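Trainee: Structure incoming, see below.
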Amino acid sequence: PKCYLVGDSFSETPSFPPGSVLVKGELKNFNTKEEFRDFLGGEARQARVSEAAATLREAITSGQALKDPALLRPMLVVAFADLKKYHFAYTVGFPVLAPPAALSWAAAASATPAADAGVDRETLCQISRSLQQDAALAAAGAFLLLRPTSGAAWEVRPLAQLLQEELRAIPDDDLIVAFVDSSTDDPPGWPLR
């Protein structure tokens with residue numbers, strides 16, 4: 001997985017190439033090398049990471065993350081740029097909430113776990129086309145797959161629709177919360193954790 005910061009990354013409505021997801025974050029740039037070192041070596045760094053984790057927890061508990069799933073993937077970039085010497089130093093952090101106990105990962109029951117949920121290859125292709133047509137939904141990185149009625153075709157919906165009362169009537173077998181995972185192996189990558 002790769003994370004790119006490009007000029008468009010800092011605009012209010014950035015554009016995304018296919019297969020990309022939005023990662024919202026904060027850039028803190030220091031003017032002097034000493035300020036940068038002091039921040040990294042002092043308590044301010046841990047305080048900022050703790051603050052970011054508290055913000056993440058609040059986004060989850062308040063339900064705001066359902067409306068804006070990018071809030072589930074915070075990023076902190078701390079940098080120093082010596083413009084006279086063209087020297088750049090930076091560190092990047094991706095705060096996550098630690099579970100109260102260690103998680104264990106079980107291998108998939110079959111080689112095609114999507115098929116176990118009733119999602120065949122053609123359906124996966126249709127979902128992929130839907131996400132290519134709706135860049136905002138794809139960039140969210142988390143969405144719903146649902147069948148309005150049993151046996152109906154799967155539909156891609158925004159995660160915020162979990163808040164709608166009508167979804168409570170849909171059986172569990174017809175509703176899947178889907179995430180874009182940056183890992184290629186077990187356990188899942190940091191956005192899914």
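Naming scheme: A, B, ... for chains in displayed order of the structure tokens; residues 1 onward per chain; ligands 1 onward as shown.
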Once DSSP has gone over the backbone, tell me which residues of chain A are in helix (DSSP H, G or I), as JSON, numbers by chain.
Mentor: {"A": [7, 8, 9, 10, 33, 34, 35, 36, 37, 38, 39, 40, 41, 43, 44, 45, 46, 47, 48, 49, 50, 51, 52, 53, 54, 55, 56, 57, 58, 59, 60, 61, 62, 64, 65, 66, 67, 69, 70, 71, 72, 113, 114, 115, 116, 121, 122, 123, 124, 125, 126, 127, 128, 129, 130, 131, 132, 133, 135, 136, 137, 138, 139, 140, 159, 160, 161, 162, 163, 165, 166, 167, 168, 169, 172, 173, 174]}
Trainee: Show which residues sit within 8 Å of region 82-91 of chain A, as a PyMOL selection string. Count only C-alpha atoms, and ignore same-chain residues fewer than 4 positions away.
Mentor: chain A and resi 31-32+77-78
Trainee: Could you check the closest approach to Phe94 (chain A) for each of A:Val21, A:Ala153, A:Ile170, A:Cys3 and tell me which residue wins, using only C-alpha atoms?
Mentor: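 Smallest distance to Phe94 (chain A) is found for A:Cys3.
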Trainee: May I have the residues within 9 Å of Leu66 (chain A) as a VMD selection string, using only C-alpha atoms and disregarding those fewer than 4 positions away in the same chain?
Mentor: chain A and resid 59 to 60 71 142 158 to 163
Trainee: Can you build me a table of region 54-107 of chain A residues sitting at most 10 Å from region 41-50 of chain A, with the closest atom pair per residue and its distance in Å to one decimal, using only C-alpha atoms, sorted by chain and residue number, as JSON lines?
Mentor:
```
{"residue": "A:Ala54", "atom": "CA", "partner": "A:Ser50", "partner_atom": "CA", "distance": 6.2}
{"residue": "A:Thr55", "atom": "CA", "partner": "A:Ser50", "partner_atom": "CA", "distance": 8.6}
{"residue": "A:Leu56", "atom": "CA", "partner": "A:Ser50", "partner_atom": "CA", "distance": 9.8}
{"residue": "A:Met75", "atom": "CA", "partner": "A:Val49", "partner_atom": "CA", "distance": 9.8}
{"residue": "A:Leu76", "atom": "CA", "partner": "A:Val49", "partner_atom": "CA", "distance": 8.1}
{"residue": "A:Val78", "atom": "CA", "partner": "A:Arg45", "partner_atom": "CA", "distance": 9.3}
{"residue": "A:Gly93", "atom": "CA", "partner": "A:Val49", "partner_atom": "CA", "distance": 8.0}
{"residue": "A:Phe94", "atom": "CA", "partner": "A:Val49", "partner_atom": "CA", "distance": 8.8}
{"residue": "A:Pro95", "atom": "CA", "partner": "A:Val49", "partner_atom": "CA", "distance": 6.6}
{"residue": "A:Val96", "atom": "CA", "partner": "A:Val49", "partner_atom": "CA", "distance": 9.5}
{"residue": "A:Leu97", "atom": "CA", "partner": "A:Ser50", "partner_atom": "CA", "distance": 9.9}
```
Trainee: Please produce an output containing all heavy atoms for each residue in the selection, written as a PDB file, in the first residue's frame.
Mentor:
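Saved to again_22.pdb:
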```pdb
ATOM      1  N   ALA A  54      -8.179  10.206  20.717  1.00  0.00           N
ATOM      2  CA  ALA A  54      -9.435  10.632  21.356  1.00  0.00           C
ATOM      3  C   ALA A  54     -10.418  11.160  20.312  1.00  0.00           C
ATOM      4  O   ALA A  54     -11.627  10.899  20.391  1.00  0.00           O
ATOM      5  CB  ALA A  54      -9.147  11.695  22.414  1.00  0.00           C
ATOM      6  N   THR A  55      -9.914  11.884  19.318  1.00  0.00           N
ATOM      7  CA  THR A  55     -10.765  12.380  18.238  1.00  0.00           C
ATOM      8  C   THR A  55     -11.342  11.220  17.436  1.00  0.00           C
ATOM      9  O   THR A  55     -12.518  11.229  17.058  1.00  0.00           O
ATOM     10  CB  THR A  55      -9.965  13.333  17.328  1.00  0.00           C
ATOM     11  OG1 THR A  55      -9.464  14.402  18.120  1.00  0.00           O
ATOM     12  CG2 THR A  55     -10.813  13.875  16.207  1.00  0.00           C
ATOM     13  N   LEU A  56     -10.517  10.214  17.184  1.00  0.00           N
ATOM     14  CA  LEU A  56     -10.973   9.017  16.476  1.00  0.00           C
ATOM     15  C   LEU A  56     -12.071   8.311  17.264  1.00  0.00           C
ATOM     16  O   LEU A  56     -13.117   7.955  16.718  1.00  0.00           O
ATOM     17  CB  LEU A  56      -9.791   8.077  16.236  1.00  0.00           C
ATOM     18  CG  LEU A  56     -10.101   6.694  15.660  1.00  0.00           C
ATOM     19  CD1 LEU A  56     -10.795   6.796  14.305  1.00  0.00           C
ATOM     20  CD2 LEU A  56      -8.809   5.888  15.546  1.00  0.00           C
ATOM     21  N   MET A  75      -4.430  10.676   9.981  1.00  0.00           N
ATOM     22  CA  MET A  75      -3.004  10.677   9.675  1.00  0.00           C
ATOM     23  C   MET A  75      -2.386  11.939  10.255  1.00  0.00           C
ATOM     24  O   MET A  75      -2.981  13.010  10.200  1.00  0.00           O
ATOM     25  CB  MET A  75      -2.793  10.646   8.165  1.00  0.00           C
ATOM     26  CG  MET A  75      -1.336  10.695   7.765  1.00  0.00           C
ATOM     27  SD  MET A  75      -1.075  10.621   5.984  1.00  0.00           S
ATOM     28  CE  MET A  75      -1.638  12.221   5.469  1.00  0.00           C
ATOM     29  N   LEU A  76      -1.201  11.801  10.817  1.00  0.00           N
ATOM     30  CA  LEU A  76      -0.440  12.941  11.325  1.00  0.00           C
ATOM     31  C   LEU A  76       0.900  12.982  10.600  1.00  0.00           C
ATOM     32  O   LEU A  76       1.608  11.976  10.549  1.00  0.00           O
ATOM     33  CB  LEU A  76      -0.176  12.798  12.824  1.00  0.00           C
ATOM     34  CG  LEU A  76      -1.367  12.758  13.751  1.00  0.00           C
ATOM     35  CD1 LEU A  76      -0.932  12.398  15.154  1.00  0.00           C
ATOM     36  CD2 LEU A  76      -2.078  14.091  13.749  1.00  0.00           C
ATOM     37  N   VAL A  78       4.385  15.193  10.720  1.00  0.00           N
ATOM     38  CA  VAL A  78       5.170  16.206  11.423  1.00  0.00           C
ATOM     39  C   VAL A  78       6.439  16.388  10.617  1.00  0.00           C
ATOM     40  O   VAL A  78       7.130  15.411  10.308  1.00  0.00           O
ATOM     41  CB  VAL A  78       5.487  15.761  12.870  1.00  0.00           C
ATOM     42  CG1 VAL A  78       6.319  16.810  13.584  1.00  0.00           C
ATOM     43  CG2 VAL A  78       4.200  15.483  13.631  1.00  0.00           C
ATOM     44  N   GLY A  93       2.375   9.441  11.261  1.00  0.00           N
ATOM     45  CA  GLY A  93       1.698   8.548  12.199  1.00  0.00           C
ATOM     46  C   GLY A  93       0.264   8.304  11.764  1.00  0.00           C
ATOM     47  O   GLY A  93      -0.402   9.194  11.230  1.00  0.00           O
ATOM     48  N   PHE A  94      -0.189   7.072  11.974  1.00  0.00           N
ATOM     49  CA  PHE A  94      -1.564   6.688  11.669  1.00  0.00           C
ATOM     50  C   PHE A  94      -2.183   6.150  12.957  1.00  0.00           C
ATOM     51  O   PHE A  94      -2.120   4.942  13.218  1.00  0.00           O
ATOM     52  CB  PHE A  94      -1.604   5.614  10.572  1.00  0.00           C
ATOM     53  CG  PHE A  94      -1.015   6.060   9.264  1.00  0.00           C
ATOM     54  CD1 PHE A  94       0.307   5.804   8.957  1.00  0.00           C
ATOM     55  CD2 PHE A  94      -1.780   6.759   8.355  1.00  0.00           C
ATOM     56  CE1 PHE A  94       0.856   6.214   7.752  1.00  0.00           C
ATOM     57  CE2 PHE A  94      -1.249   7.177   7.154  1.00  0.00           C
ATOM     58  CZ  PHE A  94       0.079   6.904   6.858  1.00  0.00           C
ATOM     59  N   PRO A  95      -2.756   7.016  13.783  1.00  0.00           N
ATOM     60  CA  PRO A  95      -3.300   6.562  15.064  1.00  0.00           C
ATOM     61  C   PRO A  95      -4.451   5.573  14.889  1.00  0.00           C
ATOM     62  O   PRO A  95      -5.294   5.729  14.000  1.00  0.00           O
ATOM     63  CB  PRO A  95      -3.812   7.848  15.723  1.00  0.00           C
ATOM     64  CG  PRO A  95      -3.123   8.954  15.001  1.00  0.00           C
ATOM     65  CD  PRO A  95      -2.877   8.452  13.616  1.00  0.00           C
ATOM     66  N   VAL A  96      -4.442   4.540  15.700  1.00  0.00           N
ATOM     67  CA  VAL A  96      -5.525   3.558  15.753  1.00  0.00           C
ATOM     68  C   VAL A  96      -5.872   3.330  17.208  1.00  0.00           C
ATOM     69  O   VAL A  96      -5.080   3.617  18.104  1.00  0.00           O
ATOM     70  CB  VAL A  96      -5.140   2.212  15.078  1.00  0.00           C
ATOM     71  CG1 VAL A  96      -4.882   2.386  13.604  1.00  0.00           C
ATOM     72  CG2 VAL A  96      -3.945   1.582  15.759  1.00  0.00           C
ATOM     73  N   LEU A  97      -7.068   2.826  17.438  1.00  0.00           N
ATOM     74  CA  LEU A  97      -7.466   2.485  18.799  1.00  0.00           C
ATOM     75  C   LEU A  97      -7.018   1.066  19.089  1.00  0.00           C
ATOM     76  O   LEU A  97      -7.272   0.151  18.306  1.00  0.00           O
ATOM     77  CB  LEU A  97      -8.986   2.602  18.958  1.00  0.00           C
ATOM     78  CG  LEU A  97      -9.567   3.992  18.710  1.00  0.00           C
ATOM     79  CD1 LEU A  97     -11.078   3.961  18.857  1.00  0.00           C
ATOM     80  CD2 LEU A  97      -8.967   5.007  19.662  1.00  0.00           C
TER      81      LEU A  97
END
```
Trainee: Given only C-alpha atoms as the basis, pick out the residue of A:Ala169, A:Ala178, A:Leu72, A:Ala65 nearest to Gly25 (chain A).
Mentor: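 Among the listed residues, the smallest separation from Gly25 (chain A) belongs to A:Leu72.
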Trainee: In Å, rounded to a single decimal, give me how far CA of Ser150 (chain A) is from CA of Leu131 (chain A).
Mentor: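 CA of Leu131 (chain A) sits 22.4 Å away from CA of Ser150 (chain A).
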Trainee: Between CA of Phe143 (chain A) and CA of Glu12 (chain A), what is the distance in Å, rounded to a tenth?
Mentor: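 So the two atoms, CA of Phe143 (chain A) and CA of Glu12 (chain A), lie 21.6 Å apart.
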Trainee: Between CA of Ala152 (chain A) and CA of Ile127 (chain A), what is the distance, to one decimal in Å?
Mentor: 13.9 Å
Trainee: May I have all residues of chain A that DSSP, computed from the backbone, assigns to strand (DSSP E), given as a ChimeraX atom specification?
Mentor: /A:25-30,75-82,87-93,142-146,155-158,175-179
Trainee: I'd like the neighbourhood of Ala140 (chain A) as number ranges by chain, where a residue qualifies if any of its atoms comes within 8 Å (using only C-alpha atoms), though same-chain residues fewer than 6 positions away should be ignored.
Mentor: A: 21-22, 68-70
Trainee: Fewer than 6 positions away in the same chain doesn't count, so skip those; otherwise give me all residues within 12 Å of Thr123 (chain A), counting only C-alpha atoms, as a list in words.
Mentor: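 Answer for this query is Ala114, Ala115, Ala117, Arg129, Ser130, Leu145, Leu146, Arg147, Ala152, Ala153, Trp154, Glu155 and Val156 of chain A.
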Trainee: Compile the contact shell of Ser20 (chain A) as a short mmCIF file (atom, residue, chain, number, x, y, z; two decimals) with N, CA and C atoms, in the first residue's frame: residues with an atom at most 10 Å away, counting only C-alpha atoms, same-chain residues fewer than 4 positions apart removed.
Mentor:
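selection-v4.cif was written with the following content:
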```cif
data_model
loop_
_atom_site.label_atom_id
_atom_site.label_comp_id
_atom_site.auth_asym_id
_atom_site.auth_seq_id
_atom_site.Cartn_x
_atom_site.Cartn_y
_atom_site.Cartn_z
N LYS A 2 0.36 2.26 -0.67
CA LYS A 2 1.11 3.51 -0.77
C LYS A 2 0.20 4.66 -0.37
N CYS A 3 0.81 5.67 0.19
CA CYS A 3 0.09 6.89 0.55
C CYS A 3 0.79 8.04 -0.15
N TYR A 4 0.06 8.75 -0.98
CA TYR A 4 0.62 9.86 -1.73
C TYR A 4 0.07 11.18 -1.22
N SER A 15 -9.33 15.24 -5.98
CA SER A 15 -9.75 14.20 -6.93
C SER A 15 -8.94 12.94 -6.63
N PHE A 16 -9.51 11.79 -6.97
CA PHE A 16 -8.87 10.52 -6.65
C PHE A 16 -8.74 9.66 -7.89
N ALA A 135 -17.00 8.16 -7.32
CA ALA A 135 -15.67 8.39 -6.73
C ALA A 135 -15.77 8.72 -5.24
N ALA A 138 -16.34 5.49 -3.31
CA ALA A 138 -15.11 4.69 -3.33
C ALA A 138 -14.05 5.30 -2.41
N ALA A 139 -13.92 6.63 -2.43
CA ALA A 139 -12.91 7.30 -1.61
C ALA A 139 -13.21 7.19 -0.13
N ALA A 140 -14.47 6.93 0.23
CA ALA A 140 -14.83 6.78 1.64
C ALA A 140 -14.10 5.58 2.25
N GLY A 141 -13.86 4.55 1.45
CA GLY A 141 -13.12 3.39 1.95
C GLY A 141 -13.94 2.43 2.78
N VAL A 180 -12.21 -1.07 2.53
CA VAL A 180 -11.03 -1.20 1.70
C VAL A 180 -9.88 -1.46 2.67
#
```
Trainee: Identify which of the residues A:Ile176, A:Ala98, A:Leu137, A:Leu124 lies closest to Lys67 (chain A), counting only C-alpha atoms when measuring atom-to-atom distances.
Mentor: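 Distance minimum relative to Lys67 (chain A) lands on A:Leu137.
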